[in-house]
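A.B. asks: Enclosed is the structure file input-v6.cif (mmCIF, N, CA and C atoms).
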data_run
loop_
_atom_site.label_atom_id
_atom_site.label_comp_id
_atom_site.auth_asym_id
_atom_site.auth_seq_id
_atom_site.Cartn_x
_atom_site.Cartn_y
_atom_site.Cartn_z
N MET H 1480 -12.64 -14.28 -8.72
CA MET H 1480 -12.84 -12.85 -8.56
C MET H 1480 -13.28 -12.53 -7.12
N ILE H 1481 -14.13 -13.38 -6.56
CA ILE H 1481 -14.58 -13.15 -5.18
C ILE H 1481 -13.41 -13.21 -4.21
N LYS H 1482 -12.53 -14.19 -4.42
CA LYS H 1482 -11.38 -14.33 -3.52
C LYS H 1482 -10.44 -13.14 -3.62
N LEU H 1483 -10.27 -12.59 -4.80
CA LEU H 1483 -9.44 -11.41 -4.98
C LEU H 1483 -10.06 -10.20 -4.27
N GLU H 1484 -11.36 -10.07 -4.39
CA GLU H 1484 -12.05 -8.98 -3.70
C GLU H 1484 -11.90 -9.12 -2.18
N GLU H 1485 -12.08 -10.33 -1.68
CA GLU H 1485 -11.95 -10.56 -0.24
C GLU H 1485 -10.52 -10.35 0.24
N LEU H 1486 -9.55 -10.70 -0.59
CA LEU H 1486 -8.15 -10.46 -0.24
C LEU H 1486 -7.90 -8.96 -0.10
N SER H 1487 -8.47 -8.16 -1.00
CA SER H 1487 -8.29 -6.71 -0.90
C SER H 1487 -8.97 -6.16 0.36
N LEU H 1488 -10.10 -6.73 0.75
CA LEU H 1488 -10.76 -6.29 1.98
C LEU H 1488 -9.97 -6.71 3.22
N PHE H 1489 -9.34 -7.88 3.15
CA PHE H 1489 -8.48 -8.32 4.26
C PHE H 1489 -7.29 -7.38 4.40
N ILE H 1490 -6.69 -6.99 3.28
CA ILE H 1490 -5.57 -6.05 3.31
C ILE H 1490 -6.03 -4.70 3.86
N LEU H 1491 -7.24 -4.27 3.51
CA LEU H 1491 -7.80 -3.04 4.07
C LEU H 1491 -7.90 -3.16 5.59
N GLY H 1492 -8.34 -4.31 6.08
CA GLY H 1492 -8.43 -4.52 7.52
C GLY H 1492 -7.07 -4.41 8.19
N ILE H 1493 -6.04 -4.97 7.56
CA ILE H 1493 -4.68 -4.86 8.12
C ILE H 1493 -4.23 -3.40 8.13
N TYR H 1494 -4.53 -2.69 7.06
CA TYR H 1494 -4.19 -1.27 7.01
C TYR H 1494 -4.87 -0.50 8.15
N LEU H 1495 -6.17 -0.74 8.33
CA LEU H 1495 -6.90 -0.04 9.40
C LEU H 1495 -6.35 -0.43 10.77
N PHE H 1496 -5.99 -1.70 10.94
CA PHE H 1496 -5.38 -2.13 12.21
C PHE H 1496 -4.09 -1.36 12.46
N ASN H 1497 -3.28 -1.19 11.44
CA ASN H 1497 -2.00 -0.50 11.60
C ASN H 1497 -2.16 0.97 11.95
N ARG H 1498 -3.31 1.53 11.72
CA ARG H 1498 -3.57 2.93 12.08
C ARG H 1498 -3.91 3.09 13.56
N LEU H 1499 -4.20 1.98 14.23
CA LEU H 1499 -4.50 2.01 15.66
C LEU H 1499 -3.22 1.91 16.48
N ASN H 1500 -3.32 2.23 17.74
CA ASN H 1500 -2.15 2.20 18.64
C ASN H 1500 -2.07 0.89 19.42
N PHE H 1501 -2.09 -0.22 18.69
CA PHE H 1501 -1.93 -1.54 19.31
C PHE H 1501 -0.67 -2.17 18.76
N ASP H 1502 -0.01 -2.98 19.60
CA ASP H 1502 1.15 -3.73 19.11
C ASP H 1502 0.71 -4.68 18.02
N TRP H 1503 1.59 -4.99 17.07
CA TRP H 1503 1.27 -5.82 15.90
C TRP H 1503 0.75 -7.19 16.28
N TRP H 1504 1.22 -7.75 17.42
CA TRP H 1504 0.86 -9.12 17.78
C TRP H 1504 -0.60 -9.26 18.17
N TRP H 1505 -1.29 -8.17 18.43
CA TRP H 1505 -2.72 -8.26 18.73
C TRP H 1505 -3.52 -8.79 17.54
N CYS H 1506 -3.11 -8.41 16.34
CA CYS H 1506 -3.84 -8.84 15.15
C CYS H 1506 -3.81 -10.37 14.97
N PRO H 1507 -2.64 -11.01 14.93
CA PRO H 1507 -2.67 -12.48 14.80
C PRO H 1507 -3.27 -13.19 16.02
N LEU H 1508 -3.16 -12.56 17.18
CA LEU H 1508 -3.74 -13.17 18.38
C LEU H 1508 -5.26 -13.19 18.32
N LEU H 1509 -5.86 -12.12 17.81
CA LEU H 1509 -7.32 -11.99 17.82
C LEU H 1509 -8.02 -12.41 16.54
N ILE H 1510 -7.26 -12.61 15.45
CA ILE H 1510 -7.89 -12.81 14.14
C ILE H 1510 -8.81 -14.04 14.10
N LEU H 1511 -8.56 -15.04 14.90
CA LEU H 1511 -9.42 -16.23 14.90
C LEU H 1511 -10.50 -16.20 15.99
N ALA H 1512 -10.50 -15.16 16.81
CA ALA H 1512 -11.47 -15.07 17.91
C ALA H 1512 -12.93 -15.17 17.45
N PRO H 1513 -13.32 -14.58 16.31
CA PRO H 1513 -14.71 -14.71 15.90
C PRO H 1513 -15.17 -16.15 15.66
N ASP H 1514 -14.23 -17.07 15.47
CA ASP H 1514 -14.61 -18.47 15.27
C ASP H 1514 -15.15 -19.13 16.53
N PHE H 1515 -14.98 -18.49 17.68
CA PHE H 1515 -15.62 -19.02 18.90
C PHE H 1515 -17.14 -19.01 18.76
N SER H 1516 -17.65 -18.23 17.82
CA SER H 1516 -19.10 -18.21 17.58
C SER H 1516 -19.61 -19.55 17.09
N MET H 1517 -18.73 -20.41 16.61
CA MET H 1517 -19.14 -21.75 16.17
C MET H 1517 -19.64 -22.59 17.34
N LEU H 1518 -19.35 -22.17 18.55
CA LEU H 1518 -19.86 -22.90 19.72
C LEU H 1518 -21.38 -22.90 19.74
N GLY H 1519 -22.00 -21.98 19.03
CA GLY H 1519 -23.45 -21.95 18.91
C GLY H 1519 -24.00 -23.23 18.31
N TYR H 1520 -23.18 -23.94 17.52
CA TYR H 1520 -23.62 -25.19 16.92
C TYR H 1520 -23.80 -26.30 17.97
N LEU H 1521 -23.30 -26.09 19.17
CA LEU H 1521 -23.56 -27.05 20.25
C LEU H 1521 -25.04 -27.10 20.60
N PHE H 1522 -25.77 -26.05 20.25
CA PHE H 1522 -27.20 -25.95 20.55
C PHE H 1522 -28.07 -26.16 19.32
N GLY H 1523 -27.47 -26.64 18.24
CA GLY H 1523 -28.22 -26.94 17.03
C GLY H 1523 -27.83 -26.05 15.87
N ASN H 1524 -28.29 -26.44 14.70
CA ASN H 1524 -27.94 -25.72 13.48
C ASN H 1524 -28.51 -24.31 13.44
N LYS H 1525 -29.72 -24.12 13.94
CA LYS H 1525 -30.35 -22.81 13.88
C LYS H 1525 -29.58 -21.79 14.73
N SER H 1526 -29.31 -22.14 15.98
CA SER H 1526 -28.57 -21.20 16.83
C SER H 1526 -27.12 -21.08 16.36
N GLY H 1527 -26.55 -22.17 15.86
CA GLY H 1527 -25.19 -22.11 15.35
C GLY H 1527 -25.06 -21.15 14.20
N ALA H 1528 -25.98 -21.25 13.25
CA ALA H 1528 -25.97 -20.34 12.09
C ALA H 1528 -26.17 -18.90 12.53
N PHE H 1529 -27.07 -18.69 13.48
CA PHE H 1529 -27.33 -17.33 13.96
C PHE H 1529 -26.07 -16.71 14.56
N PHE H 1530 -25.45 -17.39 15.52
CA PHE H 1530 -24.27 -16.83 16.18
C PHE H 1530 -23.10 -16.69 15.22
N TYR H 1531 -22.91 -17.68 14.36
CA TYR H 1531 -21.83 -17.59 13.38
C TYR H 1531 -22.04 -16.38 12.48
N ASN H 1532 -23.25 -16.20 11.99
CA ASN H 1532 -23.53 -15.10 11.06
C ASN H 1532 -23.41 -13.73 11.71
N VAL H 1533 -23.79 -13.62 12.97
CA VAL H 1533 -23.66 -12.33 13.67
C VAL H 1533 -22.19 -11.93 13.75
N PHE H 1534 -21.32 -12.91 14.05
CA PHE H 1534 -19.90 -12.61 14.22
C PHE H 1534 -19.12 -12.61 12.90
N HIS H 1535 -19.79 -12.91 11.79
CA HIS H 1535 -19.13 -12.93 10.49
C HIS H 1535 -19.82 -12.02 9.47
N HIS H 1536 -20.66 -11.14 9.93
CA HIS H 1536 -21.39 -10.24 9.04
C HIS H 1536 -20.61 -8.93 8.94
N LYS H 1537 -20.22 -8.57 7.74
CA LYS H 1537 -19.38 -7.39 7.56
C LYS H 1537 -20.09 -6.09 7.92
N ALA H 1538 -21.40 -6.00 7.71
CA ALA H 1538 -22.12 -4.78 8.06
C ALA H 1538 -22.08 -4.56 9.57
N ILE H 1539 -22.22 -5.62 10.34
CA ILE H 1539 -22.13 -5.50 11.80
C ILE H 1539 -20.73 -5.07 12.20
N ALA H 1540 -19.72 -5.67 11.55
CA ALA H 1540 -18.33 -5.29 11.83
C ALA H 1540 -18.10 -3.81 11.54
N LEU H 1541 -18.63 -3.34 10.42
CA LEU H 1541 -18.46 -1.93 10.06
C LEU H 1541 -19.20 -1.00 11.02
N LEU H 1542 -20.37 -1.42 11.49
CA LEU H 1542 -21.09 -0.61 12.48
C LEU H 1542 -20.31 -0.51 13.79
N ILE H 1543 -19.71 -1.61 14.21
CA ILE H 1543 -18.90 -1.60 15.43
C ILE H 1543 -17.69 -0.69 15.24
N TYR H 1544 -17.03 -0.82 14.09
CA TYR H 1544 -15.88 0.05 13.81
C TYR H 1544 -16.30 1.53 13.79
N ALA H 1545 -17.41 1.83 13.14
CA ALA H 1545 -17.90 3.21 13.07
C ALA H 1545 -18.25 3.75 14.45
N LEU H 1546 -18.84 2.90 15.28
CA LEU H 1546 -19.15 3.31 16.65
C LEU H 1546 -17.87 3.65 17.40
N GLY H 1547 -16.84 2.82 17.22
CA GLY H 1547 -15.55 3.09 17.85
C GLY H 1547 -14.94 4.39 17.37
N CYS H 1548 -15.08 4.67 16.08
CA CYS H 1548 -14.58 5.94 15.54
C CYS H 1548 -15.36 7.12 16.10
N TYR H 1549 -16.67 6.98 16.15
CA TYR H 1549 -17.53 8.05 16.65
C TYR H 1549 -17.23 8.36 18.12
N LEU H 1550 -17.03 7.30 18.90
CA LEU H 1550 -16.76 7.47 20.34
C LEU H 1550 -15.27 7.66 20.64
N SER H 1551 -14.43 7.56 19.63
CA SER H 1551 -12.98 7.65 19.78
C SER H 1551 -12.45 6.63 20.78
N ILE H 1552 -12.95 5.39 20.65
CA ILE H 1552 -12.51 4.30 21.53
C ILE H 1552 -11.84 3.24 20.65
N GLU H 1553 -10.53 3.17 20.74
CA GLU H 1553 -9.78 2.29 19.85
C GLU H 1553 -10.07 0.81 20.06
N SER H 1554 -10.41 0.40 21.27
CA SER H 1554 -10.70 -1.02 21.49
C SER H 1554 -11.98 -1.45 20.74
N ILE H 1555 -12.94 -0.55 20.62
CA ILE H 1555 -14.14 -0.85 19.85
C ILE H 1555 -13.80 -0.85 18.36
N GLN H 1556 -12.96 0.08 17.94
CA GLN H 1556 -12.50 0.07 16.55
C GLN H 1556 -11.78 -1.24 16.24
N LEU H 1557 -10.94 -1.68 17.16
CA LEU H 1557 -10.21 -2.94 16.99
C LEU H 1557 -11.17 -4.11 16.83
N ALA H 1558 -12.21 -4.15 17.64
CA ALA H 1558 -13.19 -5.24 17.54
C ALA H 1558 -13.83 -5.25 16.15
N GLY H 1559 -14.20 -4.09 15.65
CA GLY H 1559 -14.79 -4.01 14.32
C GLY H 1559 -13.82 -4.44 13.24
N ILE H 1560 -12.57 -4.03 13.35
CA ILE H 1560 -11.56 -4.40 12.35
C ILE H 1560 -11.31 -5.90 12.37
N ILE H 1561 -11.22 -6.49 13.55
CA ILE H 1561 -10.98 -7.93 13.65
C ILE H 1561 -12.16 -8.69 13.05
N LEU H 1562 -13.38 -8.31 13.37
CA LEU H 1562 -14.55 -8.98 12.80
C LEU H 1562 -14.57 -8.85 11.28
N PHE H 1563 -14.29 -7.66 10.78
CA PHE H 1563 -14.28 -7.41 9.34
C PHE H 1563 -13.18 -8.22 8.64
N SER H 1564 -11.97 -8.15 9.18
CA SER H 1564 -10.84 -8.85 8.58
C SER H 1564 -11.02 -10.36 8.62
N HIS H 1565 -11.52 -10.85 9.73
CA HIS H 1565 -11.75 -12.29 9.86
C HIS H 1565 -12.79 -12.76 8.83
N SER H 1566 -13.84 -11.99 8.67
CA SER H 1566 -14.88 -12.35 7.69
C SER H 1566 -14.31 -12.40 6.28
N ALA H 1567 -13.47 -11.43 5.94
CA ALA H 1567 -12.84 -11.42 4.62
C ALA H 1567 -11.92 -12.63 4.47
N MET H 1568 -11.15 -12.93 5.52
CA MET H 1568 -10.25 -14.08 5.48
C MET H 1568 -11.02 -15.38 5.29
N ASP H 1569 -12.11 -15.53 6.02
CA ASP H 1569 -12.94 -16.73 5.87
C ASP H 1569 -13.45 -16.88 4.44
N ARG H 1570 -13.88 -15.79 3.84
CA ARG H 1570 -14.44 -15.85 2.49
C ARG H 1570 -13.35 -16.15 1.45
N ILE H 1571 -12.11 -15.77 1.74
CA ILE H 1571 -11.00 -16.16 0.86
C ILE H 1571 -10.92 -17.68 0.78
N PHE H 1572 -11.18 -18.35 1.91
CA PHE H 1572 -11.10 -19.81 1.99
C PHE H 1572 -12.43 -20.50 1.69
N GLY H 1573 -13.44 -19.71 1.31
CA GLY H 1573 -14.71 -20.30 0.89
C GLY H 1573 -15.74 -20.48 1.99
N TYR H 1574 -15.47 -19.91 3.17
CA TYR H 1574 -16.43 -20.01 4.27
C TYR H 1574 -17.32 -18.78 4.27
N GLY H 1575 -18.57 -18.97 3.92
CA GLY H 1575 -19.50 -17.86 3.86
C GLY H 1575 -20.46 -17.86 5.04
N LEU H 1576 -21.43 -16.98 4.98
CA LEU H 1576 -22.48 -16.94 5.99
C LEU H 1576 -23.27 -18.25 5.92
N LYS H 1577 -23.72 -18.72 7.05
CA LYS H 1577 -24.30 -20.06 7.14
C LYS H 1577 -25.82 -20.06 6.98
N TYR H 1578 -26.29 -21.16 6.36
CA TYR H 1578 -27.71 -21.45 6.33
C TYR H 1578 -28.03 -22.36 7.50
N GLU H 1579 -29.29 -22.41 7.89
CA GLU H 1579 -29.70 -23.20 9.05
C GLU H 1579 -29.66 -24.71 8.81
N LYS H 1580 -29.43 -25.14 7.57
CA LYS H 1580 -29.36 -26.57 7.25
C LYS H 1580 -28.16 -27.24 7.91
N GLY H 1581 -27.09 -26.51 8.13
CA GLY H 1581 -25.89 -27.07 8.72
C GLY H 1581 -24.68 -26.21 8.40
N PHE H 1582 -23.58 -26.48 9.07
CA PHE H 1582 -22.38 -25.65 8.97
C PHE H 1582 -21.84 -25.58 7.54
N LYS H 1583 -21.93 -26.67 6.81
CA LYS H 1583 -21.29 -26.68 5.49
C LYS H 1583 -22.11 -25.99 4.40
N TYR H 1584 -23.30 -25.50 4.72
CA TYR H 1584 -24.15 -24.83 3.74
C TYR H 1584 -24.03 -23.31 3.91
N THR H 1585 -23.39 -22.65 2.92
CA THR H 1585 -23.11 -21.23 3.03
C THR H 1585 -23.64 -20.47 1.82
N HIS H 1586 -23.64 -19.16 1.94
CA HIS H 1586 -24.08 -18.32 0.82
C HIS H 1586 -23.09 -18.37 -0.34
N LEU H 1587 -21.92 -18.95 -0.12
CA LEU H 1587 -20.93 -19.11 -1.20
C LEU H 1587 -20.98 -20.51 -1.80
N GLY H 1588 -21.88 -21.33 -1.30
CA GLY H 1588 -21.99 -22.72 -1.77
C GLY H 1588 -21.64 -23.67 -0.64
N GLU H 1589 -21.73 -24.93 -0.95
CA GLU H 1589 -21.47 -25.97 0.04
C GLU H 1589 -19.96 -26.12 0.25
N ILE H 1590 -19.55 -26.12 1.51
CA ILE H 1590 -18.14 -26.29 1.84
C ILE H 1590 -17.74 -27.73 1.53
N GLY H 1591 -16.59 -27.88 0.87
CA GLY H 1591 -16.08 -29.20 0.57
C GLY H 1591 -16.46 -29.71 -0.81
N LYS H 1592 -17.20 -28.95 -1.57
CA LYS H 1592 -17.55 -29.36 -2.93
C LYS H 1592 -16.64 -28.71 -3.93
#
The structure given in the file should be rewritten as C-alpha cells.
C.D. replies:
Amino acid sequence: MIKLEELSLFILGIYLFNRLNFDWWWCPLLILAPDFSMLGYLFGNKSGAFFYNVFHHKAIALLIYALGCYLSIESIQLAGIILFSHSAMDRIFGYGLKYEKGFKYTHLGEIGK
C-alpha cells in the first residue's frame, strides 16, 4: 500500500513538472540529483543522515515548491518538484529517511531485509 501511495505521488510530481515551461529531458536529468546528498556520509553517519534527510524530506520539497509558486520563479518550483518526486521514487524502492545508525537504517525498515 505504501508503494502504491508513493507511486501516485511520483505521478503527481511528473504532472506538476509538465505544467512548467521546461523541456522534458530536464526531469530525467535531474531526478537523481538529490542523491548527491549521500556524500554527507563521507563525514560519518550523523552528518550523512542529516544531509540525506534534508534532501529527501517531502515537507521541505513542498515548501520550496510553494516558495517558487509564491515568487513565480519556475526554477525554484522545479527544484521542489524534483526533490518531491525523487523522494517518492526512493520510497517506492524502499529507501526511507535515514537514522543516524547508518545508511541502511530507515523509517521504512532496514534496507536489504
A.B. asks: Have a look at H:Ile1590, H:Leu1562, H:Ile1552, H:Leu1542 and name the one nearest to Lys1577 of chain H; count only C-alpha atoms.
C.D. replies: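 With only C-alpha atoms as the atom set, the closest residue is H:Ile1590.
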A.B. asks: Would you please extract all alpha helix (DSSP H) residues from chain H, as assigned by DSSP on the backbone, and give them as a VMD selection string?
C.D. replies: chain H and resid 1481 to 1497 1505 to 1509 1524 to 1534 1537 to 1550 1553 to 1571
A.B. asks: Given the choices H:Phe1489, H:Tyr1520, H:Tyr1549, H:Tyr1494, which gets closest to Ala1567 of chain H if the distance is worked out from all atoms listed in the file?
C.D. replies: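 Distance minimum relative to Ala1567 of chain H lands on H:Phe1489.
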A.B. asks: Report, in Å with one decimal, the straight-line distance from atom C of Asn1524 of chain H to atom CA of Ile1560 of chain H.
C.D. replies: 26.2 Å
A.B. asks: Go through H:Met1480, H:Leu1518, H:Leu1499, H:Tyr1531 and flag the residue nearest Gln1556 of chain H, using all atoms listed in the file for the distances.
C.D. replies: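 Ranked by minimum distance to Gln1556 of chain H, first place goes to H:Leu1499.
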A.B. asks: Please report the interatomic distance between atom CA of Tyr1544 of chain H and atom C of Ala1528 of chain H in Å with one decimal.
C.D. replies: 21.6 Å
A.B. asks: If you measure from atom CA of Phe1515 of chain H to atom CA of Lys1580 of chain H, what distance in Å do you get, rounded to one decimal?
C.D. replies: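 Answer for the atom CA of Phe1515 of chain H to atom CA of Lys1580 of chain H separation: 19.5 Å.
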A.B. asks: Between H:His1565, H:Leu1576, H:Gly1588, H:Asn1532, which residue has the minimum interatomic distance to Ala1512 of chain H, considering all atoms listed in the file?
C.D. replies: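 Going through H:His1565, H:Leu1576, H:Gly1588, H:Asn1532 one by one, the smallest distance to Ala1512 of chain H is for H:His1565.
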A.B. asks: Just the residues within 6.5 Å of Gly1573 of chain H, please, counting only N, CA and C atoms, with nothing from its chain fewer than 4 positions along; format it as a PDB file with N, CA and C atoms, in the coordinates of the input.
C.D. replies:
ATOM      1  N   MET H1568     -11.150 -12.930   5.520  1.00  0.00           N
ATOM      2  CA  MET H1568     -10.250 -14.080   5.480  1.00  0.00           C
ATOM      3  C   MET H1568     -11.020 -15.380   5.290  1.00  0.00           C
ATOM      4  N   ASP H1569     -12.110 -15.530   6.020  1.00  0.00           N
ATOM      5  CA  ASP H1569     -12.940 -16.730   5.870  1.00  0.00           C
ATOM      6  C   ASP H1569     -13.450 -16.880   4.440  1.00  0.00           C
ATOM      7  N   LEU H1587     -21.920 -18.950  -0.120  1.00  0.00           N
ATOM      8  CA  LEU H1587     -20.930 -19.110  -1.200  1.00  0.00           C
ATOM      9  C   LEU H1587     -20.980 -20.510  -1.800  1.00  0.00           C
ATOM     10  N   ILE H1590     -19.550 -26.120   1.510  1.00  0.00           N
ATOM     11  CA  ILE H1590     -18.140 -26.290   1.840  1.00  0.00           C
ATOM     12  C   ILE H1590     -17.740 -27.730   1.530  1.00  0.00           C
TER      13      ILE H1590
END
A.B. asks: Can you work out which one of H:Arg1498, H:Trp1505, H:Ile1493, H:Phe1563 has the shortest atom-to-atom distance to His1535 of chain H, counting all atoms listed in the file?
C.D. replies: H:Phe1563
A.B. asks: Fewer than 6 positions away in the same chain doesn't count, so skip those; otherwise give me all residues within 8 Å of Ser1516 of chain H, counting only C-alpha atoms, as a PyMOL selection string.
C.D. replies: chain H and resi 1527+1530-1531+1534
A.B. asks: May I ask which of the residues H:Asn1497, H:Pro1513, H:Ile1543, H:Glu1579 is the closest one to Ile1555 of chain H, counting all atoms listed in the file?
C.D. replies: H:Ile1543
A.B. asks: Select from chain H everything DSSP, run on the backbone, classes as strand (DSSP E or B), then give the selection as a ChimeraX atom specification.
C.D. replies: /H:1577-1578,1581-1585,1588-1589
